[in-house]
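Peer 1: Sending over a structure as structure tokens; questions will come in a sec.
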Amino acid sequence: MNYLFFIFQKFTKYFLALFLFLILFVIFYNSNVEAACPTGNGDGQTINILSDDNCTSRISNPGTSVTVAGNLTVNSGDGAIYSNFNNHTVNITGTVTNTNAGTSHGIHDVTGSTFYTQNVTISGNGSVDGTAAGYYNQGSTVNLTNNQSDLTFKGLVPSSYKILIEGTSDFGKTTFVSPTGTLAFDIASASSIALLAGVDELNVGGGSEITKSHLSENPEASCKVQA
């Protein structure tokens, strides 16, 4: 009897250990790889740089989600955030800076195909900067919502560009460098539209204007601007 009880105890112990191992394996196998500061180049990682994080590793070909609430400062001849494939959702409320003295960019997208879509939001105190341009797009379809007051955007312009207005002196302004393509302009729905009361017209350059109908009477309307 004692021998059978001993065997039962051993069997139960090993069974529980195996069961626990299988549970941990399933959890690990199905979980996303998340990183605060990216490890290595950040390939395939879900990047979530928190507000207290200071990171110096370039993000290369990340997973589909990139969040930067802290500080990402790299010295790279390419982009602080670099991708050549995949769709991405990028939210930046912190800083993305490339300090390389050569031709460098905060974000460099080299996909070369409008098949890929990048949804990028720069809000709050967010900023994207490089020595050549903040954002260099070589072909993706980009939907950009911007609150940064001095963003430089190079290459194929966003298919959708939305200005985010968060205060009377807190709103996005972008300089387009060597632009190609057609840009559709709008005001982000999260903007403080009331701040535009009394504005009759905005000049967005290139002889194009946004009239009062786009600002107050019909704030959801869009205005297409072609370079």
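Ordering of the structure tokens sets the chain letters (A, B, ...), residue numbers begin anew at 1 in every chain, and ligands are numbered from 1 in the order given.
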Near Pro62 of chain A, within 10 Å and counting only C-alpha atoms, which residues show up once chain neighbours fewer than 4 positions away are dropped, as a list in words?

Peer 2: Pro38, Asn41, Gly42, Asp43, Gly44, Gln45, Thr46, Ile47, Val66, Ile81, Tyr82, Ser83, Asn84, Phe85, Asn86, Asn87 and His88 of chain A

Peer 1: From a backbone DSSP assignment, name each residue in segment 89-203 of chain A labelled strand (DSSP E or B), as a PDB file with N, CA and C atoms, in the first residue's frame.

Peer 2:
```pdb
ATOM      1  N   THR A  89       1.699  51.169 -37.209  1.00  0.00           N
ATOM      2  CA  THR A  89       1.016  52.229 -36.491  1.00  0.00           C
ATOM      3  C   THR A  89       2.026  52.824 -35.523  1.00  0.00           C
ATOM      4  N   VAL A  90       2.335  54.100 -35.725  1.00  0.00           N
ATOM      5  CA  VAL A  90       3.392  54.762 -34.946  1.00  0.00           C
ATOM      6  C   VAL A  90       2.788  55.935 -34.193  1.00  0.00           C
ATOM      7  N   ASN A  91       2.930  55.925 -32.869  1.00  0.00           N
ATOM      8  CA  ASN A  91       2.444  57.017 -32.021  1.00  0.00           C
ATOM      9  C   ASN A  91       3.613  57.626 -31.277  1.00  0.00           C
ATOM     10  N   ILE A  92       3.829  58.919 -31.498  1.00  0.00           N
ATOM     11  CA  ILE A  92       4.987  59.590 -30.907  1.00  0.00           C
ATOM     12  C   ILE A  92       4.517  60.775 -30.063  1.00  0.00           C
ATOM     13  N   THR A  95      10.375  62.028 -28.048  1.00  0.00           N
ATOM     14  CA  THR A  95      11.282  62.554 -29.062  1.00  0.00           C
ATOM     15  C   THR A  95      11.969  61.426 -29.817  1.00  0.00           C
ATOM     16  N   VAL A  96      12.038  61.598 -31.136  1.00  0.00           N
ATOM     17  CA  VAL A  96      12.791  60.694 -32.012  1.00  0.00           C
ATOM     18  C   VAL A  96      13.814  61.557 -32.737  1.00  0.00           C
ATOM     19  N   THR A  97      15.099  61.319 -32.470  1.00  0.00           N
ATOM     20  CA  THR A  97      16.144  62.185 -32.995  1.00  0.00           C
ATOM     21  C   THR A  97      17.295  61.363 -33.550  1.00  0.00           C
ATOM     22  N   ASN A  98      17.753  61.739 -34.743  1.00  0.00           N
ATOM     23  CA  ASN A  98      18.944  61.144 -35.319  1.00  0.00           C
ATOM     24  C   ASN A  98      20.010  62.231 -35.402  1.00  0.00           C
ATOM     25  N   HIS A 105      17.853  60.711 -40.849  1.00  0.00           N
ATOM     26  CA  HIS A 105      16.432  61.018 -40.695  1.00  0.00           C
ATOM     27  C   HIS A 105      15.908  60.446 -39.384  1.00  0.00           C
ATOM     28  N   GLY A 106      14.859  61.085 -38.857  1.00  0.00           N
ATOM     29  CA  GLY A 106      14.199  60.531 -37.684  1.00  0.00           C
ATOM     30  C   GLY A 106      13.473  59.245 -38.030  1.00  0.00           C
ATOM     31  N   ILE A 107      12.663  59.316 -39.088  1.00  0.00           N
ATOM     32  CA  ILE A 107      11.976  58.136 -39.622  1.00  0.00           C
ATOM     33  C   ILE A 107      12.366  58.003 -41.085  1.00  0.00           C
ATOM     34  N   HIS A 108      12.813  56.831 -41.479  1.00  0.00           N
ATOM     35  CA  HIS A 108      13.161  56.573 -42.877  1.00  0.00           C
ATOM     36  C   HIS A 108      12.423  55.333 -43.344  1.00  0.00           C
ATOM     37  N   ASP A 109      11.521  55.530 -44.297  1.00  0.00           N
ATOM     38  CA  ASP A 109      10.707  54.443 -44.835  1.00  0.00           C
ATOM     39  C   ASP A 109      11.178  54.164 -46.257  1.00  0.00           C
ATOM     40  N   THR A 117       1.087  50.650 -45.696  1.00  0.00           N
ATOM     41  CA  THR A 117       0.469  51.838 -45.103  1.00  0.00           C
ATOM     42  C   THR A 117       1.061  52.113 -43.735  1.00  0.00           C
ATOM     43  N   GLN A 118       1.459  53.361 -43.523  1.00  0.00           N
ATOM     44  CA  GLN A 118       2.010  53.785 -42.243  1.00  0.00           C
ATOM     45  C   GLN A 118       1.076  54.830 -41.632  1.00  0.00           C
ATOM     46  N   ASN A 119       0.508  54.524 -40.482  1.00  0.00           N
ATOM     47  CA  ASN A 119      -0.349  55.451 -39.760  1.00  0.00           C
ATOM     48  C   ASN A 119       0.472  56.071 -38.632  1.00  0.00           C
ATOM     49  N   VAL A 120       0.803  57.337 -38.794  1.00  0.00           N
ATOM     50  CA  VAL A 120       1.742  57.993 -37.885  1.00  0.00           C
ATOM     51  C   VAL A 120       1.068  59.188 -37.223  1.00  0.00           C
ATOM     52  N   THR A 121       1.148  59.242 -35.889  1.00  0.00           N
ATOM     53  CA  THR A 121       0.605  60.370 -35.135  1.00  0.00           C
ATOM     54  C   THR A 121       1.692  60.973 -34.271  1.00  0.00           C
ATOM     55  N   ILE A 122       1.908  62.270 -34.437  1.00  0.00           N
ATOM     56  CA  ILE A 122       2.834  63.024 -33.585  1.00  0.00           C
ATOM     57  C   ILE A 122       1.992  64.010 -32.797  1.00  0.00           C
ATOM     58  N   SER A 127       8.136  64.838 -31.226  1.00  0.00           N
ATOM     59  CA  SER A 127       8.925  65.432 -32.296  1.00  0.00           C
ATOM     60  C   SER A 127       9.742  64.353 -32.995  1.00  0.00           C
ATOM     61  N   VAL A 128       9.979  64.568 -34.296  1.00  0.00           N
ATOM     62  CA  VAL A 128      10.778  63.659 -35.112  1.00  0.00           C
ATOM     63  C   VAL A 128      11.780  64.510 -35.882  1.00  0.00           C
ATOM     64  N   ASP A 129      13.082  64.279 -35.646  1.00  0.00           N
ATOM     65  CA  ASP A 129      14.108  65.140 -36.237  1.00  0.00           C
ATOM     66  C   ASP A 129      15.294  64.334 -36.744  1.00  0.00           C
ATOM     67  N   ALA A 133      16.169  65.390 -42.718  1.00  0.00           N
ATOM     68  CA  ALA A 133      14.719  65.565 -42.614  1.00  0.00           C
ATOM     69  C   ALA A 133      14.220  64.768 -41.424  1.00  0.00           C
ATOM     70  N   GLY A 134      13.094  65.192 -40.881  1.00  0.00           N
ATOM     71  CA  GLY A 134      12.504  64.424 -39.798  1.00  0.00           C
ATOM     72  C   GLY A 134      11.956  63.102 -40.300  1.00  0.00           C
ATOM     73  N   TYR A 135      11.253  63.167 -41.439  1.00  0.00           N
ATOM     74  CA  TYR A 135      10.598  61.983 -42.010  1.00  0.00           C
ATOM     75  C   TYR A 135      10.960  61.910 -43.487  1.00  0.00           C
ATOM     76  N   TYR A 136      11.486  60.774 -43.914  1.00  0.00           N
ATOM     77  CA  TYR A 136      11.816  60.550 -45.321  1.00  0.00           C
ATOM     78  C   TYR A 136      11.025  59.349 -45.803  1.00  0.00           C
ATOM     79  N   ASN A 137      10.103  59.590 -46.714  1.00  0.00           N
ATOM     80  CA  ASN A 137       9.241  58.528 -47.230  1.00  0.00           C
ATOM     81  C   ASN A 137       9.622  58.227 -48.674  1.00  0.00           C
ATOM     82  N   THR A 141       2.305  54.450 -48.459  1.00  0.00           N
ATOM     83  CA  THR A 141       1.123  55.268 -48.229  1.00  0.00           C
ATOM     84  C   THR A 141       1.166  55.710 -46.771  1.00  0.00           C
ATOM     85  N   VAL A 142       1.257  57.011 -46.542  1.00  0.00           N
ATOM     86  CA  VAL A 142       1.401  57.537 -45.189  1.00  0.00           C
ATOM     87  C   VAL A 142       0.166  58.341 -44.815  1.00  0.00           C
ATOM     88  N   ASN A 143      -0.404  58.017 -43.674  1.00  0.00           N
ATOM     89  CA  ASN A 143      -1.482  58.820 -43.079  1.00  0.00           C
ATOM     90  C   ASN A 143      -0.877  59.492 -41.847  1.00  0.00           C
ATOM     91  N   LEU A 144      -0.661  60.792 -41.948  1.00  0.00           N
ATOM     92  CA  LEU A 144       0.075  61.508 -40.910  1.00  0.00           C
ATOM     93  C   LEU A 144      -0.815  62.514 -40.204  1.00  0.00           C
ATOM     94  N   THR A 145      -0.857  62.417 -38.870  1.00  0.00           N
ATOM     95  CA  THR A 145      -1.499  63.423 -38.025  1.00  0.00           C
ATOM     96  C   THR A 145      -0.387  64.100 -37.240  1.00  0.00           C
ATOM     97  N   ASN A 146      -0.275  65.422 -37.377  1.00  0.00           N
ATOM     98  CA  ASN A 146       0.903  66.100 -36.854  1.00  0.00           C
ATOM     99  C   ASN A 146       0.581  67.299 -35.984  1.00  0.00           C
ATOM    100  N   LEU A 151       8.184  70.106 -38.235  1.00  0.00           N
ATOM    101  CA  LEU A 151       8.472  68.839 -38.894  1.00  0.00           C
ATOM    102  C   LEU A 151       8.929  69.095 -40.330  1.00  0.00           C
ATOM    103  N   THR A 152       9.954  68.374 -40.765  1.00  0.00           N
ATOM    104  CA  THR A 152      10.340  68.371 -42.171  1.00  0.00           C
ATOM    105  C   THR A 152      10.043  66.993 -42.746  1.00  0.00           C
ATOM    106  N   PHE A 153       9.368  66.989 -43.880  1.00  0.00           N
ATOM    107  CA  PHE A 153       8.933  65.733 -44.503  1.00  0.00           C
ATOM    108  C   PHE A 153       9.480  65.705 -45.919  1.00  0.00           C
ATOM    109  N   LYS A 154      10.237  64.661 -46.230  1.00  0.00           N
ATOM    110  CA  LYS A 154      10.911  64.555 -47.526  1.00  0.00           C
ATOM    111  C   LYS A 154      10.342  63.398 -48.337  1.00  0.00           C
ATOM    112  N   GLY A 155      10.234  63.591 -49.657  1.00  0.00           N
ATOM    113  CA  GLY A 155       9.830  62.502 -50.540  1.00  0.00           C
ATOM    114  C   GLY A 155       8.348  62.484 -50.823  1.00  0.00           C
ATOM    115  N   LEU A 156       7.810  61.271 -51.031  1.00  0.00           N
ATOM    116  CA  LEU A 156       6.390  61.114 -51.349  1.00  0.00           C
ATOM    117  C   LEU A 156       5.541  61.637 -50.198  1.00  0.00           C
ATOM    118  N   SER A 160      -2.734  61.295 -46.709  1.00  0.00           N
ATOM    119  CA  SER A 160      -3.615  62.026 -45.801  1.00  0.00           C
ATOM    120  C   SER A 160      -2.757  62.755 -44.780  1.00  0.00           C
ATOM    121  N   TYR A 161      -2.890  64.079 -44.754  1.00  0.00           N
ATOM    122  CA  TYR A 161      -2.155  64.880 -43.777  1.00  0.00           C
ATOM    123  C   TYR A 161      -3.155  65.662 -42.938  1.00  0.00           C
ATOM    124  N   LYS A 162      -3.148  65.398 -41.634  1.00  0.00           N
ATOM    125  CA  LYS A 162      -4.075  66.082 -40.737  1.00  0.00           C
ATOM    126  C   LYS A 162      -3.284  66.914 -39.729  1.00  0.00           C
ATOM    127  N   ILE A 163      -3.629  68.192 -39.658  1.00  0.00           N
ATOM    128  CA  ILE A 163      -3.012  69.060 -38.670  1.00  0.00           C
ATOM    129  C   ILE A 163      -3.747  68.871 -37.348  1.00  0.00           C
ATOM    130  N   ILE A 165      -4.453  70.448 -33.776  1.00  0.00           N
ATOM    131  CA  ILE A 165      -4.419  71.729 -33.075  1.00  0.00           C
ATOM    132  C   ILE A 165      -4.739  71.475 -31.603  1.00  0.00           C
ATOM    133  N   GLU A 166      -3.761  71.739 -30.724  1.00  0.00           N
ATOM    134  CA  GLU A 166      -3.944  71.492 -29.292  1.00  0.00           C
ATOM    135  C   GLU A 166      -3.918  72.772 -28.466  1.00  0.00           C
ATOM    136  N   GLY A 167      -3.733  73.911 -29.125  1.00  0.00           N
ATOM    137  CA  GLY A 167      -3.721  75.194 -28.433  1.00  0.00           C
ATOM    138  C   GLY A 167      -3.531  76.312 -29.436  1.00  0.00           C
ATOM    139  N   ASP A 170      -0.105  75.950 -30.387  1.00  0.00           N
ATOM    140  CA  ASP A 170       0.318  74.555 -30.294  1.00  0.00           C
ATOM    141  C   ASP A 170      -0.372  73.762 -31.396  1.00  0.00           C
ATOM    142  N   PHE A 171       0.247  73.752 -32.574  1.00  0.00           N
ATOM    143  CA  PHE A 171      -0.342  73.051 -33.701  1.00  0.00           C
ATOM    144  C   PHE A 171       0.759  72.657 -34.687  1.00  0.00           C
ATOM    145  N   THR A 174       4.466  71.801 -41.101  1.00  0.00           N
ATOM    146  CA  THR A 174       5.382  70.902 -41.799  1.00  0.00           C
ATOM    147  C   THR A 174       5.980  71.578 -43.024  1.00  0.00           C
ATOM    148  N   THR A 175       7.274  71.402 -43.200  1.00  0.00           N
ATOM    149  CA  THR A 175       7.964  71.839 -44.409  1.00  0.00           C
ATOM    150  C   THR A 175       8.217  70.605 -45.267  1.00  0.00           C
ATOM    151  N   PHE A 176       7.722  70.623 -46.501  1.00  0.00           N
ATOM    152  CA  PHE A 176       7.890  69.486 -47.400  1.00  0.00           C
ATOM    153  C   PHE A 176       9.111  69.726 -48.289  1.00  0.00           C
ATOM    154  N   VAL A 177      10.025  68.743 -48.290  1.00  0.00           N
ATOM    155  CA  VAL A 177      11.279  68.824 -49.027  1.00  0.00           C
ATOM    156  C   VAL A 177      11.232  67.864 -50.209  1.00  0.00           C
ATOM    157  N   SER A 178      11.506  68.369 -51.402  1.00  0.00           N
ATOM    158  CA  SER A 178      11.476  67.547 -52.627  1.00  0.00           C
ATOM    159  C   SER A 178      10.202  66.711 -52.692  1.00  0.00           C
ATOM    160  N   PRO A 179       9.027  67.365 -52.586  1.00  0.00           N
ATOM    161  CA  PRO A 179       7.782  66.596 -52.508  1.00  0.00           C
ATOM    162  C   PRO A 179       7.354  66.029 -53.858  1.00  0.00           C
ATOM    163  N   THR A 180       6.762  64.843 -53.800  1.00  0.00           N
ATOM    164  CA  THR A 180       6.113  64.230 -54.960  1.00  0.00           C
ATOM    165  C   THR A 180       4.765  63.700 -54.506  1.00  0.00           C
ATOM    166  N   THR A 182       0.357  63.543 -54.332  1.00  0.00           N
ATOM    167  CA  THR A 182      -0.784  64.392 -53.996  1.00  0.00           C
ATOM    168  C   THR A 182      -1.145  64.239 -52.533  1.00  0.00           C
ATOM    169  N   LEU A 183      -1.349  65.356 -51.883  1.00  0.00           N
ATOM    170  CA  LEU A 183      -1.632  65.385 -50.451  1.00  0.00           C
ATOM    171  C   LEU A 183      -3.074  65.822 -50.221  1.00  0.00           C
ATOM    172  N   ALA A 184      -3.795  65.095 -49.394  1.00  0.00           N
ATOM    173  CA  ALA A 184      -5.146  65.477 -48.970  1.00  0.00           C
ATOM    174  C   ALA A 184      -5.056  66.032 -47.553  1.00  0.00           C
ATOM    175  N   PHE A 185      -5.451  67.291 -47.392  1.00  0.00           N
ATOM    176  CA  PHE A 185      -5.304  67.993 -46.119  1.00  0.00           C
ATOM    177  C   PHE A 185      -6.609  67.995 -45.343  1.00  0.00           C
ATOM    178  N   ASP A 186      -6.505  67.859 -44.028  1.00  0.00           N
ATOM    179  CA  ASP A 186      -7.680  67.936 -43.170  1.00  0.00           C
ATOM    180  C   ASP A 186      -7.236  68.358 -41.774  1.00  0.00           C
ATOM    181  N   ILE A 187      -8.205  68.630 -40.932  1.00  0.00           N
ATOM    182  CA  ILE A 187      -7.938  68.959 -39.535  1.00  0.00           C
ATOM    183  C   ILE A 187      -8.337  67.755 -38.688  1.00  0.00           C
ATOM    184  N   GLU A 201      -9.666  82.161 -43.449  1.00  0.00           N
ATOM    185  CA  GLU A 201      -8.884  81.525 -44.492  1.00  0.00           C
ATOM    186  C   GLU A 201      -7.491  81.195 -43.974  1.00  0.00           C
ATOM    187  N   LEU A 202      -6.977  80.054 -44.405  1.00  0.00           N
ATOM    188  CA  LEU A 202      -5.598  79.684 -44.103  1.00  0.00           C
ATOM    189  C   LEU A 202      -4.846  79.498 -45.406  1.00  0.00           C
ATOM    190  N   ASN A 203      -3.643  80.018 -45.472  1.00  0.00           N
ATOM    191  CA  ASN A 203      -2.789  79.833 -46.637  1.00  0.00           C
ATOM    192  C   ASN A 203      -1.838  78.693 -46.334  1.00  0.00           C
TER     193      ASN A 203
END
```

Peer 1: With distances taken over only C-alpha atoms, which residue among A:Pro158, A:Thr168, A:Asn125, A:Thr114 lies nearest Ser140 of chain A?

Peer 2: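 Under the stated criterion, the closest residue is A:Thr114.
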
Peer 1: Any idea what the distance is between atom CA of Asn75 of chain A and atom CA of Asp53 of chain A?

Peer 2: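 Result for atom CA of Asn75 of chain A versus atom CA of Asp53 of chain A: 17.1 Å, one decimal.
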
Peer 1: Atom CA of Ile59 of chain A and atom CA of Leu164 of chain A are how many Å apart?

Peer 2: 25.5 Å

Peer 1: Using Å and a single decimal, report how far atom CA of Gln148 of chain A sits from atom CA of Thr39 of chain A.

Peer 2: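 Taking atom CA of Thr39 of chain A as the start and atom CA of Gln148 of chain A as the end point, the length is 27.7 Å.
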
Peer 1: Could you give me, as a compact mmCIF listing (two decimals) with N, CA and C atoms, in the first residue's frame, the residues within 10 Å of Asp52 of chain A, counting only C-alpha atoms and dropping anything in the same chain fewer than 3 positions from it?

Peer 2:
```
# COMPACT_ATOMS: atom_id res chain seq x y z
N ILE A 49 8.38 52.50 -26.02
CA ILE A 49 9.35 53.27 -25.24
C ILE A 49 8.57 54.17 -24.28
N CYS A 55 16.51 55.78 -24.94
CA CYS A 55 17.01 54.68 -25.77
C CYS A 55 17.97 55.20 -26.83
N ALA A 69 7.02 57.31 -26.13
CA ALA A 69 6.62 58.34 -25.17
C ALA A 69 7.84 58.93 -24.48
N GLY A 70 8.96 58.23 -24.57
CA GLY A 70 10.20 58.69 -23.97
C GLY A 70 11.12 59.30 -25.01
N ASN A 71 12.40 58.98 -24.90
CA ASN A 71 13.40 59.59 -25.76
C ASN A 71 14.15 58.52 -26.54
N GLY A 94 6.88 61.46 -27.45
CA GLY A 94 8.22 61.77 -26.96
C GLY A 94 9.07 62.31 -28.10
```

Peer 1: Just checking: using only C-alpha atoms, which residue out of A:Ser60, A:Ser149, A:Ser189, A:Ser113 ends up closest to Ser169 of chain A?

Peer 2: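 Selected residue with least distance to Ser169 of chain A: A:Ser149.
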
Peer 1: Could you check the closest approach to Gly79 of chain A for each of A:Val110, A:Ala190, A:Cys37, A:Val157 and tell me which residue wins, using only C-alpha atoms?

Peer 2: A:Val110
